[in-house]
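The file final33.cif contains mmCIF, C-alpha atoms, pLDDT in the B column; chains and numbers go by the auth columns:
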data_upload
loop_
_atom_site.group_PDB
_atom_site.id
_atom_site.type_symbol
_atom_site.label_atom_id
_atom_site.label_comp_id
_atom_site.label_asym_id
_atom_site.label_seq_id
_atom_site.Cartn_x
_atom_site.Cartn_y
_atom_site.Cartn_z
_atom_site.B_iso_or_equiv
_atom_site.auth_seq_id
_atom_site.auth_asym_id
ATOM 1 C CA MET A 1 28.056 -37.319 -39.615 44.00 1 T
ATOM 2 C CA PRO A 2 30.400 -34.597 -40.948 45.00 2 T
ATOM 3 C CA PRO A 3 31.149 -31.574 -38.752 51.00 3 T
ATOM 4 C CA ALA A 4 28.581 -28.752 -39.037 76.00 4 T
ATOM 5 C CA VAL A 5 31.434 -26.398 -39.928 89.00 5 T
ATOM 6 C CA PRO A 6 33.634 -27.581 -42.831 91.00 6 T
ATOM 7 C CA ARG A 7 37.202 -28.525 -41.951 91.00 7 T
ATOM 8 C CA PHE A 8 40.248 -28.032 -44.168 93.00 8 T
ATOM 9 C CA PHE A 9 43.842 -29.229 -43.792 92.00 9 T
ATOM 10 C CA ILE A 10 46.988 -27.192 -44.381 92.00 10 T
ATOM 11 C CA ASP A 11 50.653 -28.135 -44.468 89.00 11 T
ATOM 12 C CA GLY A 12 52.963 -26.717 -41.826 89.00 12 T
ATOM 13 C CA VAL A 13 52.486 -25.346 -38.318 90.00 13 T
ATOM 14 C CA ALA A 14 50.049 -22.477 -37.792 91.00 14 T
ATOM 15 C CA ALA A 15 49.111 -20.117 -34.970 92.00 15 T
ATOM 16 C CA SER A 16 46.107 -18.027 -34.036 93.00 16 T
ATOM 17 C CA GLY A 17 46.028 -14.841 -36.083 93.00 17 T
ATOM 18 C CA ASP A 18 47.663 -16.369 -39.153 95.00 18 T
ATOM 19 C CA ARG A 19 46.150 -15.952 -42.610 94.00 19 T
ATOM 20 C CA VAL A 20 46.573 -19.195 -44.510 95.00 20 T
ATOM 21 C CA ALA A 21 45.743 -20.018 -48.111 95.00 21 T
ATOM 22 C CA LEU A 22 43.592 -23.051 -48.859 94.00 22 T
ATOM 23 C CA GLY A 23 44.839 -25.389 -51.566 91.00 23 T
ATOM 24 C CA ASP A 24 43.171 -25.236 -54.964 90.00 24 T
ATOM 25 C CA GLY A 25 41.020 -28.294 -54.286 89.00 25 T
ATOM 26 C CA ASP A 26 39.915 -27.076 -50.871 91.00 26 T
ATOM 27 C CA ALA A 27 39.259 -23.568 -52.187 93.00 27 T
ATOM 28 C CA ARG A 28 37.055 -24.993 -54.932 92.00 28 T
ATOM 29 C CA LYS A 29 35.208 -27.133 -52.430 90.00 29 T
ATOM 30 C CA ALA A 30 34.624 -24.164 -50.117 92.00 30 T
ATOM 31 C CA VAL A 31 33.591 -21.660 -52.795 92.00 31 T
ATOM 32 C CA VAL A 32 31.985 -23.729 -55.552 91.00 32 T
ATOM 33 C CA VAL A 33 30.699 -26.884 -53.842 90.00 33 T
ATOM 34 C CA LEU A 34 29.796 -25.607 -50.371 91.00 34 T
ATOM 35 C CA ARG A 35 29.064 -22.041 -51.588 91.00 35 T
ATOM 36 C CA ARG A 36 30.859 -20.450 -48.667 93.00 36 T
ATOM 37 C CA ARG A 37 31.510 -16.712 -48.756 93.00 37 T
ATOM 38 C CA SER A 38 33.785 -14.234 -46.977 95.00 38 T
ATOM 39 C CA GLY A 39 32.988 -14.122 -43.290 94.00 39 T
ATOM 40 C CA ASP A 40 31.695 -17.699 -43.108 95.00 40 T
ATOM 41 C CA PRO A 41 33.103 -19.884 -40.310 95.00 41 T
ATOM 42 C CA VAL A 42 35.384 -22.812 -41.127 94.00 42 T
ATOM 43 C CA GLU A 43 37.868 -24.967 -39.256 93.00 43 T
ATOM 44 C CA VAL A 44 41.514 -25.342 -40.221 93.00 44 T
ATOM 45 C CA CYS A 45 43.770 -28.189 -39.083 91.00 45 T
ATOM 46 C CA ASP A 46 47.550 -27.848 -39.371 90.00 46 T
ATOM 47 C CA SER A 47 50.144 -30.589 -39.712 86.00 47 T
ATOM 48 C CA THR A 48 50.490 -30.959 -35.923 84.00 48 T
ATOM 49 C CA GLY A 49 46.814 -31.877 -35.625 84.00 49 T
ATOM 50 C CA THR A 50 45.819 -28.581 -34.035 89.00 50 T
ATOM 51 C CA VAL A 51 42.376 -27.363 -35.105 91.00 51 T
ATOM 52 C CA PHE A 52 41.565 -23.650 -35.275 94.00 52 T
ATOM 53 C CA ALA A 53 38.289 -21.803 -35.562 95.00 53 T
ATOM 54 C CA ALA A 54 38.670 -19.611 -38.647 95.00 54 T
ATOM 55 C CA VAL A 55 36.891 -17.119 -40.857 96.00 55 T
ATOM 56 C CA LEU A 56 36.919 -17.476 -44.618 95.00 56 T
ATOM 57 C CA GLU A 57 38.173 -14.787 -47.020 95.00 57 T
ATOM 58 C CA VAL A 58 37.077 -15.404 -50.618 94.00 58 T
ATOM 59 C CA ASP A 59 38.661 -13.743 -53.654 92.00 59 T
ATOM 60 C CA GLY A 60 37.151 -15.170 -56.817 89.00 60 T
ATOM 61 C CA THR A 61 38.062 -18.854 -56.838 87.00 61 T
ATOM 62 C CA ARG A 62 40.783 -18.404 -54.243 91.00 62 T
ATOM 63 C CA ALA A 63 40.232 -18.639 -50.510 94.00 63 T
ATOM 64 C CA ARG A 64 42.143 -17.888 -47.347 94.00 64 T
ATOM 65 C CA ALA A 65 41.307 -18.456 -43.716 95.00 65 T
ATOM 66 C CA VAL A 66 42.027 -16.155 -40.795 96.00 66 T
ATOM 67 C CA LEU A 67 42.821 -18.390 -37.828 95.00 67 T
ATOM 68 C CA GLY A 68 41.205 -17.748 -34.474 94.00 68 T
ATOM 69 C CA GLU A 69 41.159 -19.715 -31.239 94.00 69 T
ATOM 70 C CA VAL A 70 42.418 -23.263 -30.893 92.00 70 T
ATOM 71 C CA LEU A 71 39.511 -25.689 -30.766 89.00 71 T
ATOM 72 C CA VAL A 72 41.200 -29.084 -30.583 74.00 72 T
ATOM 73 C CA ARG A 73 44.723 -30.352 -30.225 66.00 73 T
ATOM 74 C CA ALA A 74 45.776 -33.650 -31.752 62.00 74 T
ATOM 75 C CA ALA A 75 43.448 -36.364 -30.450 65.00 75 T
ATOM 76 C CA GLU A 76 44.195 -39.329 -32.672 78.00 76 T
ATOM 77 C CA THR A 77 44.486 -42.923 -31.536 84.00 77 T
ATOM 78 C CA ALA A 78 47.159 -43.424 -28.888 84.00 78 T
ATOM 79 C CA CYS A 79 48.548 -46.381 -30.834 91.00 79 T
ATOM 80 C CA GLU A 80 49.508 -45.978 -34.487 94.00 80 T
ATOM 81 C CA ILE A 81 47.529 -48.322 -36.725 96.00 81 T
ATOM 82 C CA VAL A 82 48.824 -49.312 -40.156 97.00 82 T
ATOM 83 C CA LEU A 83 46.674 -51.085 -42.728 98.00 83 T
ATOM 84 C CA CYS A 84 48.630 -52.988 -45.377 98.00 84 T
ATOM 85 C CA GLN A 85 45.992 -53.790 -47.972 97.00 85 T
ATOM 86 C CA ALA A 86 46.528 -55.877 -51.089 96.00 86 T
ATOM 87 C CA VAL A 87 45.119 -53.774 -53.931 96.00 87 T
ATOM 88 C CA PRO A 88 41.703 -55.180 -54.870 95.00 88 T
ATOM 89 C CA LYS A 89 40.007 -55.014 -58.234 92.00 89 T
ATOM 90 C CA GLY A 90 37.790 -52.153 -59.357 91.00 90 T
ATOM 91 C CA ALA A 91 37.015 -49.307 -56.980 92.00 91 T
ATOM 92 C CA LYS A 92 37.191 -51.409 -53.815 95.00 92 T
ATOM 93 C CA MET A 93 40.391 -49.699 -52.663 97.00 93 T
ATOM 94 C CA ASP A 94 38.513 -46.386 -52.658 97.00 94 T
ATOM 95 C CA PHE A 95 36.098 -47.894 -50.153 97.00 95 T
ATOM 96 C CA VAL A 96 38.924 -49.296 -48.009 97.00 96 T
ATOM 97 C CA VAL A 97 40.759 -45.950 -47.891 98.00 97 T
ATOM 98 C CA GLU A 98 37.645 -43.999 -46.938 97.00 98 T
ATOM 99 C CA LYS A 99 36.489 -46.391 -44.215 97.00 99 T
ATOM 100 C CA ALA A 100 39.973 -46.975 -42.795 97.00 100 T
ATOM 101 C CA THR A 101 40.341 -43.213 -42.508 96.00 101 T
ATOM 102 C CA GLU A 102 37.044 -42.965 -40.646 95.00 102 T
ATOM 103 C CA LEU A 103 38.198 -45.677 -38.235 96.00 103 T
ATOM 104 C CA GLY A 104 41.410 -43.783 -37.424 94.00 104 T
ATOM 105 C CA VAL A 105 44.085 -45.666 -39.360 97.00 105 T
ATOM 106 C CA SER A 106 47.327 -43.668 -39.456 95.00 106 T
ATOM 107 C CA ARG A 107 48.897 -45.163 -42.572 96.00 107 T
ATOM 108 C CA ILE A 108 47.734 -47.198 -45.538 98.00 108 T
ATOM 109 C CA VAL A 109 50.171 -49.352 -47.517 97.00 109 T
ATOM 110 C CA PRO A 110 48.889 -50.669 -50.879 97.00 110 T
ATOM 111 C CA LEU A 111 50.278 -54.182 -51.300 96.00 111 T
ATOM 112 C CA VAL A 112 51.214 -56.033 -54.464 94.00 112 T
ATOM 113 C CA THR A 113 51.229 -59.760 -53.656 93.00 113 T
ATOM 114 C CA GLU A 114 51.663 -62.988 -55.628 92.00 114 T
ATOM 115 C CA ARG A 115 47.933 -63.119 -56.387 91.00 115 T
ATOM 116 C CA THR A 116 47.229 -59.403 -56.782 91.00 116 T
ATOM 117 C CA VAL A 117 45.670 -58.757 -60.182 89.00 117 T
ATOM 118 C CA ALA A 118 44.824 -55.043 -59.873 88.00 118 T
ATOM 119 C CA ASP A 119 47.383 -52.351 -60.563 85.00 119 T
ATOM 120 C CA ALA A 120 48.463 -49.544 -58.244 86.00 120 T
ATOM 121 C CA SER A 121 49.463 -46.727 -60.575 91.00 121 T
ATOM 122 C CA PRO A 122 50.714 -43.322 -59.372 92.00 122 T
ATOM 123 C CA ALA A 123 47.398 -41.835 -60.497 93.00 123 T
ATOM 124 C CA LYS A 124 45.503 -44.259 -58.271 94.00 124 T
ATOM 125 C CA ARG A 125 47.727 -43.463 -55.312 94.00 125 T
ATOM 126 C CA GLU A 126 47.036 -39.743 -55.831 94.00 126 T
ATOM 127 C CA ARG A 127 43.327 -40.500 -55.876 96.00 127 T
ATOM 128 C CA TRP A 128 43.561 -42.546 -52.671 97.00 128 T
ATOM 129 C CA SER A 129 45.439 -39.699 -50.979 96.00 129 T
ATOM 130 C CA ARG A 130 42.703 -37.263 -51.992 93.00 130 T
ATOM 131 C CA LEU A 131 40.017 -39.625 -50.714 96.00 131 T
ATOM 132 C CA ALA A 132 41.853 -39.967 -47.386 96.00 132 T
ATOM 133 C CA ARG A 133 42.062 -36.187 -47.072 92.00 133 T
ATOM 134 C CA THR A 134 38.363 -35.729 -47.816 91.00 134 T
ATOM 135 C CA ALA A 135 37.309 -38.536 -45.473 93.00 135 T
ATOM 136 C CA ALA A 136 39.497 -37.148 -42.672 91.00 136 T
ATOM 137 C CA ALA A 137 37.840 -33.745 -42.997 87.00 137 T
ATOM 138 C CA GLN A 138 34.344 -35.196 -43.113 85.00 138 T
ATOM 139 C CA CYS A 139 34.747 -37.382 -40.029 86.00 139 T
ATOM 140 C CA GLY A 140 36.452 -34.711 -37.936 83.00 140 T
ATOM 141 C CA ARG A 141 39.940 -36.167 -37.728 88.00 141 T
ATOM 142 C CA THR A 142 42.956 -34.029 -36.945 88.00 142 T
ATOM 143 C CA ARG A 143 45.364 -35.933 -39.195 90.00 143 T
ATOM 144 C CA VAL A 144 45.193 -37.264 -42.725 92.00 144 T
ATOM 145 C CA PRO A 145 46.397 -40.866 -43.112 94.00 145 T
ATOM 146 C CA VAL A 146 49.492 -41.291 -45.246 95.00 146 T
ATOM 147 C CA VAL A 147 49.005 -43.439 -48.342 97.00 147 T
ATOM 148 C CA ASP A 148 52.370 -45.063 -49.089 96.00 148 T
ATOM 149 C CA PRO A 149 53.697 -45.991 -52.521 95.00 149 T
ATOM 150 C CA PRO A 150 52.754 -49.583 -53.453 94.00 150 T
ATOM 151 C CA ALA A 151 54.999 -52.182 -51.833 95.00 151 T
ATOM 152 C CA GLY A 152 55.712 -55.857 -52.346 95.00 152 T
ATOM 153 C CA TRP A 153 54.859 -58.328 -49.597 94.00 153 T
ATOM 154 C CA VAL A 154 58.421 -58.836 -48.331 93.00 154 T
ATOM 155 C CA ASP A 155 59.302 -55.133 -48.497 94.00 155 T
ATOM 156 C CA ALA A 156 56.146 -54.167 -46.621 94.00 156 T
ATOM 157 C CA ILE A 157 56.874 -56.642 -43.834 93.00 157 T
ATOM 158 C CA ALA A 158 60.459 -55.399 -43.557 92.00 158 T
ATOM 159 C CA GLY A 159 59.161 -51.843 -43.240 90.00 159 T
ATOM 160 C CA LEU A 160 57.072 -52.828 -40.232 90.00 160 T
ATOM 161 C CA SER A 161 59.972 -54.035 -38.121 80.00 161 T
ATOM 162 C CA GLY A 162 60.713 -52.193 -34.933 80.00 162 T
ATOM 163 C CA GLU A 163 60.325 -52.423 -31.185 80.00 163 T
ATOM 164 C CA GLY A 164 56.750 -52.065 -30.027 88.00 164 T
ATOM 165 C CA THR A 165 55.259 -53.060 -33.396 93.00 165 T
ATOM 166 C CA VAL A 166 52.700 -55.867 -33.520 95.00 166 T
ATOM 167 C CA VAL A 167 51.820 -57.313 -36.938 96.00 167 T
ATOM 168 C CA LEU A 168 48.527 -59.179 -37.341 95.00 168 T
ATOM 169 C CA LEU A 169 47.999 -61.564 -40.245 94.00 169 T
ATOM 170 C CA PRO A 170 44.369 -62.620 -40.726 93.00 170 T
ATOM 171 C CA TRP A 171 44.389 -65.904 -42.645 88.00 171 T
ATOM 172 C CA GLU A 172 41.721 -68.482 -43.284 86.00 172 T
ATOM 173 C CA LEU A 173 44.200 -71.280 -42.478 83.00 173 T
ATOM 174 C CA ALA A 174 45.193 -69.843 -39.108 80.00 174 T
ATOM 175 C CA ALA A 175 44.282 -71.705 -35.922 76.00 175 T
ATOM 176 C CA ARG A 176 40.641 -71.188 -35.018 69.00 176 T
ATOM 177 C CA GLU A 177 41.260 -69.646 -31.606 75.00 177 T
ATOM 178 C CA PRO A 178 38.895 -66.650 -31.481 79.00 178 T
ATOM 179 C CA LEU A 179 40.419 -63.267 -32.192 86.00 179 T
ATOM 180 C CA ARG A 180 38.881 -61.867 -29.017 86.00 180 T
ATOM 181 C CA ARG A 181 40.989 -64.267 -26.951 87.00 181 T
ATOM 182 C CA ARG A 182 44.230 -63.425 -28.712 88.00 182 T
ATOM 183 C CA LEU A 183 43.958 -59.660 -29.016 92.00 183 T
ATOM 184 C CA PRO A 184 44.377 -58.656 -25.346 92.00 184 T
ATOM 185 C CA SER A 185 47.823 -60.226 -25.062 92.00 185 T
ATOM 186 C CA LEU A 186 48.902 -59.236 -28.571 92.00 186 T
ATOM 187 C CA VAL A 187 48.108 -55.515 -28.440 89.00 187 T
ATOM 188 C CA ALA A 188 48.916 -54.815 -24.790 89.00 188 T
ATOM 189 C CA GLY A 189 51.643 -52.156 -24.694 87.00 189 T
ATOM 190 C CA ALA A 190 51.970 -51.951 -28.480 92.00 190 T
ATOM 191 C CA LYS A 191 53.134 -48.646 -29.945 92.00 191 T
ATOM 192 C CA ARG A 192 52.154 -49.594 -33.477 95.00 192 T
ATOM 193 C CA ILE A 193 49.776 -52.243 -34.791 96.00 193 T
ATOM 194 C CA ALA A 194 49.892 -53.311 -38.421 97.00 194 T
ATOM 195 C CA VAL A 195 47.316 -55.434 -40.221 97.00 195 T
ATOM 196 C CA LEU A 196 48.301 -57.434 -43.326 97.00 196 T
ATOM 197 C CA ILE A 197 45.457 -58.156 -45.736 97.00 197 T
ATOM 198 C CA GLY A 198 45.787 -60.352 -48.817 94.00 198 T
ATOM 199 C CA PRO A 199 44.000 -60.016 -52.185 94.00 199 T
ATOM 200 C CA GLU A 200 40.808 -61.645 -53.482 92.00 200 T
ATOM 201 C CA GLY A 201 42.672 -64.908 -54.093 90.00 201 T
ATOM 202 C CA GLY A 202 44.216 -64.917 -50.627 91.00 202 T
ATOM 203 C CA ILE A 203 47.873 -65.051 -49.625 93.00 203 T
ATOM 204 C CA SER A 204 50.090 -67.978 -50.529 93.00 204 T
ATOM 205 C CA HIS A 205 51.649 -70.367 -48.016 94.00 205 T
ATOM 206 C CA ASP A 206 55.054 -68.867 -48.820 95.00 206 T
ATOM 207 C CA GLU A 207 53.785 -65.363 -48.069 95.00 207 T
ATOM 208 C CA ALA A 208 52.241 -66.492 -44.795 94.00 208 T
ATOM 209 C CA ALA A 209 55.481 -68.239 -43.830 94.00 209 T
ATOM 210 C CA ALA A 210 57.535 -65.146 -44.665 94.00 210 T
ATOM 211 C CA ALA A 211 55.290 -62.968 -42.525 94.00 211 T
ATOM 212 C CA VAL A 212 55.387 -65.344 -39.561 93.00 212 T
ATOM 213 C CA ALA A 213 59.168 -65.693 -39.865 93.00 213 T
ATOM 214 C CA ALA A 214 59.374 -61.894 -39.610 93.00 214 T
ATOM 215 C CA GLY A 215 57.311 -61.919 -36.416 92.00 215 T
ATOM 216 C CA ALA A 216 53.719 -61.557 -37.641 93.00 216 T
ATOM 217 C CA HIS A 217 50.943 -63.237 -35.674 93.00 217 T
ATOM 218 C CA GLU A 218 48.436 -65.346 -37.589 92.00 218 T
ATOM 219 C CA VAL A 219 44.874 -64.677 -36.450 92.00 219 T
ATOM 220 C CA SER A 220 41.548 -66.246 -37.357 90.00 220 T
ATOM 221 C CA LEU A 221 38.413 -64.272 -38.169 90.00 221 T
ATOM 222 C CA GLY A 222 36.151 -67.213 -37.466 86.00 222 T
ATOM 223 C CA SER A 223 34.403 -69.724 -39.682 83.00 223 T
ATOM 224 C CA ARG A 224 33.376 -67.223 -42.363 87.00 224 T
ATOM 225 C CA ILE A 225 35.719 -65.849 -45.008 88.00 225 T
ATOM 226 C CA PHE A 226 35.546 -62.085 -45.441 93.00 226 T
ATOM 227 C CA ARG A 227 36.111 -60.240 -48.687 94.00 227 T
ATOM 228 C CA THR A 228 39.455 -58.477 -48.939 95.00 228 T
ATOM 229 C CA GLU A 229 37.826 -55.042 -48.671 96.00 229 T
ATOM 230 C CA THR A 230 36.037 -56.117 -45.477 96.00 230 T
ATOM 231 C CA ALA A 231 38.668 -58.118 -43.594 96.00 231 T
ATOM 232 C CA GLY A 232 41.002 -55.255 -42.741 96.00 232 T
ATOM 233 C CA LEU A 233 38.183 -53.044 -41.498 97.00 233 T
ATOM 234 C CA VAL A 234 36.936 -55.887 -39.268 96.00 234 T
ATOM 235 C CA VAL A 235 40.370 -56.368 -37.696 96.00 235 T
ATOM 236 C CA VAL A 236 40.984 -52.650 -37.238 97.00 236 T
ATOM 237 C CA SER A 237 37.580 -52.288 -35.557 97.00 237 T
ATOM 238 C CA ALA A 238 38.373 -55.161 -33.201 96.00 238 T
ATOM 239 C CA VAL A 239 41.764 -53.635 -32.364 96.00 239 T
ATOM 240 C CA LEU A 240 40.204 -50.256 -31.634 94.00 240 T
ATOM 241 C CA TYR A 241 37.619 -51.867 -29.389 94.00 241 T
ATOM 242 C CA GLU A 242 40.314 -53.733 -27.464 94.00 242 T
ATOM 243 C CA LEU A 243 42.310 -50.518 -27.074 92.00 243 T
ATOM 244 C CA GLY A 244 39.264 -48.690 -25.712 90.00 244 T
ATOM 245 C CA GLU A 245 39.009 -46.435 -28.767 86.00 245 T
ATOM 246 C CA LEU A 246 35.433 -47.455 -29.629 84.00 246 T
#
Take the structure from the file and write it as structure tokens.
Amino acid sequence: MPPAVPRFFIDGVAASGDRVALGDGDARKAVVVLRRRSGDPVEVCDSTGTVFAAVLEVDGTRARAVLGEVLVRAAETACEIVLCQAVPKGAKMDFVVEKATELGVSRIVPLVTERTVADASPAKRERWSRLARTAAAQCGRTRVPVVDPPAGWVDAIAGLSGEGTVVLLPWELAAREPLRRRLPSLVAGAKRIAVLIGPEGGISHDEAAAAVAAGAHEVSLGSRIFRTETAGLVVVSAVLYELGEL
């Protein structure tokens, strides 16, 4: 359920007593969609993840917020979670972005793989960023996930290198050892967990080999094959459960 009081995000660091302008999209949402007026309560979250109680000031179609007391300081997942999702056909990526945001994913990387047939235009990336922002506000998060520019398979894997990073590769040809048995040892002590998800046609053997060579861990999701828009959300949910976040 969305917060009873609408939440808006601003760039930069704020402090109690500041007057901050809402962006055009947020101002329209507050004034036109939600029909808020001057004096109505709202919440404002700055780029550090600090949430302030605030009072709205409306001037025509423009809106500002006068920041009051601090309500919440950043309370995101202790471990950064990255979802690298091969771009699916149609509007499925919209669904993935919204639900991954609700789950607490920190970063979303649209992937272009050997078998990806959908495009990932700049306009689509802008849309996904807007959806992430809206979903973050609705589910009460203190940070908006970053939606990266589209990346190729090899480039995405290279960008995930680093100490403390665990990369999970769900694959239908992986060994059938249950995920629940593998996760405890894989995620223990991880600072960042990345999940690689292939397209509707699956990843190729070469792509799987490249990921494993770079340190990714193949994992099985059981005897059933999930759709591309479902698989990543299943793995992220399992990771959050193992980390005690659910």
Selected by the PyMOL selection byres ((chain T and resi 164) around 9) in the shown coordinates: which residues, as an MDAnalysis selection string? chainID T and resid 161:163 165:166 189:193
Near T:Leu243, counting all atoms listed in the file, which residues have an atom at most 9 Å away, once you skip same-chain residues fewer than 5 positions from it, shown as a PDB file with C-alpha atoms, in the frame of the given file?
ATOM      1  CA  ALA T  78      47.159 -43.424 -28.888  1.00 84.00           C
ATOM      2  CA  CYS T  79      48.548 -46.381 -30.834  1.00 91.00           C
ATOM      3  CA  PRO T 184      44.377 -58.656 -25.346  1.00 92.00           C
ATOM      4  CA  VAL T 187      48.108 -55.515 -28.440  1.00 89.00           C
ATOM      5  CA  ALA T 188      48.916 -54.815 -24.790  1.00 89.00           C
ATOM      6  CA  ALA T 238      38.373 -55.161 -33.201  1.00 96.00           C
TER       7      ALA T 238
END
Closest of T:Ala132, T:Val212, T:Lys89, T:Leu103 to T:Thr228 - atom-to-atom distances counting all atoms listed in the file: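 Distance minimum relative to T:Thr228 lands on T:Lys89.
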So how many Å separate atom CA of T:Gly201 and atom CA of T:Arg115, to one decimal? 6.0 Å
Please provide the set of residues having any atom within 12 Å of T:Thr134, restricted to all atoms listed in the file, with same-chain residues fewer than 2 positions apart removed, written as a short mmCIF file (atom, residue, chain, number, x, y, z; two decimals) with C-alpha atoms, in the frame of the given file.
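What follows is the written file out27.cif:
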data_model
loop_
_atom_site.label_atom_id
_atom_site.label_comp_id
_atom_site.auth_asym_id
_atom_site.auth_seq_id
_atom_site.Cartn_x
_atom_site.Cartn_y
_atom_site.Cartn_z
CA PRO T 2 30.40 -34.60 -40.95
CA PRO T 6 33.63 -27.58 -42.83
CA ARG T 7 37.20 -28.52 -41.95
CA PHE T 8 40.25 -28.03 -44.17
CA PHE T 9 43.84 -29.23 -43.79
CA GLY T 25 41.02 -28.29 -54.29
CA ASP T 26 39.92 -27.08 -50.87
CA LYS T 29 35.21 -27.13 -52.43
CA ASP T 94 38.51 -46.39 -52.66
CA VAL T 97 40.76 -45.95 -47.89
CA GLU T 98 37.65 -44.00 -46.94
CA LYS T 99 36.49 -46.39 -44.22
CA THR T 101 40.34 -43.21 -42.51
CA GLU T 102 37.04 -42.96 -40.65
CA ARG T 127 43.33 -40.50 -55.88
CA TRP T 128 43.56 -42.55 -52.67
CA SER T 129 45.44 -39.70 -50.98
CA ARG T 130 42.70 -37.26 -51.99
CA LEU T 131 40.02 -39.62 -50.71
CA ALA T 132 41.85 -39.97 -47.39
CA ALA T 136 39.50 -37.15 -42.67
CA ALA T 137 37.84 -33.74 -43.00
CA GLN T 138 34.34 -35.20 -43.11
CA CYS T 139 34.75 -37.38 -40.03
CA GLY T 140 36.45 -34.71 -37.94
CA ARG T 141 39.94 -36.17 -37.73
CA THR T 142 42.96 -34.03 -36.94
CA ARG T 143 45.36 -35.93 -39.20
CA VAL T 144 45.19 -37.26 -42.72
CA PRO T 145 46.40 -40.87 -43.11
#
Pick the closest to T:Val70 from T:Ser185, T:Thr48, T:Ser237, T:Ser16: which is it, counting all atoms listed in the file? T:Ser16
Selection result of the PyMOL selection byres ((chain T and resi 200) around 10) on this file, as a list in words: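 When the PyMOL selection byres ((chain T and resi 200) around 10) is applied to the shown file, the picked residues are Ala86, Val87, Pro88, Lys89, Arg115, Thr116, Val117, Ile197, Gly198, Pro199, Gly201, Gly202, Ile203, Phe226, Arg227, Thr228 and Glu229 of chain T.
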Between T:Gly104, T:Gly152, T:Gly90, T:Gly17, which is the closest to T:Lys124 once you count all atoms listed in the file?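 Selected residue with least distance to T:Lys124: T:Gly90.
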Could you state which residues are captured by the PyMOL selection byres ((chain T and resi 24) around 12) in this file, as a PyMOL selection string? chain T and resi 8-10+21-23+25-32+60-64
Selection from above, C-alpha atoms, as a compact mmCIF listing (two decimals), in the coordinates of the input, can you write it?
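File produced: selection_22.txt:
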# COMPACT_ATOMS: atom_id res chain seq x y z
CA PHE T 8 40.25 -28.03 -44.17
CA PHE T 9 43.84 -29.23 -43.79
CA ILE T 10 46.99 -27.19 -44.38
CA ALA T 21 45.74 -20.02 -48.11
CA LEU T 22 43.59 -23.05 -48.86
CA GLY T 23 44.84 -25.39 -51.57
CA GLY T 25 41.02 -28.29 -54.29
CA ASP T 26 39.92 -27.08 -50.87
CA ALA T 27 39.26 -23.57 -52.19
CA ARG T 28 37.06 -24.99 -54.93
CA LYS T 29 35.21 -27.13 -52.43
CA ALA T 30 34.62 -24.16 -50.12
CA VAL T 31 33.59 -21.66 -52.80
CA VAL T 32 31.98 -23.73 -55.55
CA GLY T 60 37.15 -15.17 -56.82
CA THR T 61 38.06 -18.85 -56.84
CA ARG T 62 40.78 -18.40 -54.24
CA ALA T 63 40.23 -18.64 -50.51
CA ARG T 64 42.14 -17.89 -47.35
Residues near T:Pro178, cut-off 8 Å, all atoms listed in the file, skip fewer than 5 positions along chain, as a list of chain:residue names: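 Counting only the stated atoms, we get T:Ser220, T:Leu221, T:Gly222.
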For a cut-off of 12 Å around (53.2, -64.7, -39.2), file coordinates, pick out all residues using only C-alpha atoms and list them as a ChimeraX atom specification. /T:157,166-171,173-175,194-196,203,205-220
Would you work out the distance separating atom CA of T:Pro150 from atom CA of T:Glu126, expressed in Å to one decimal? 11.6 Å
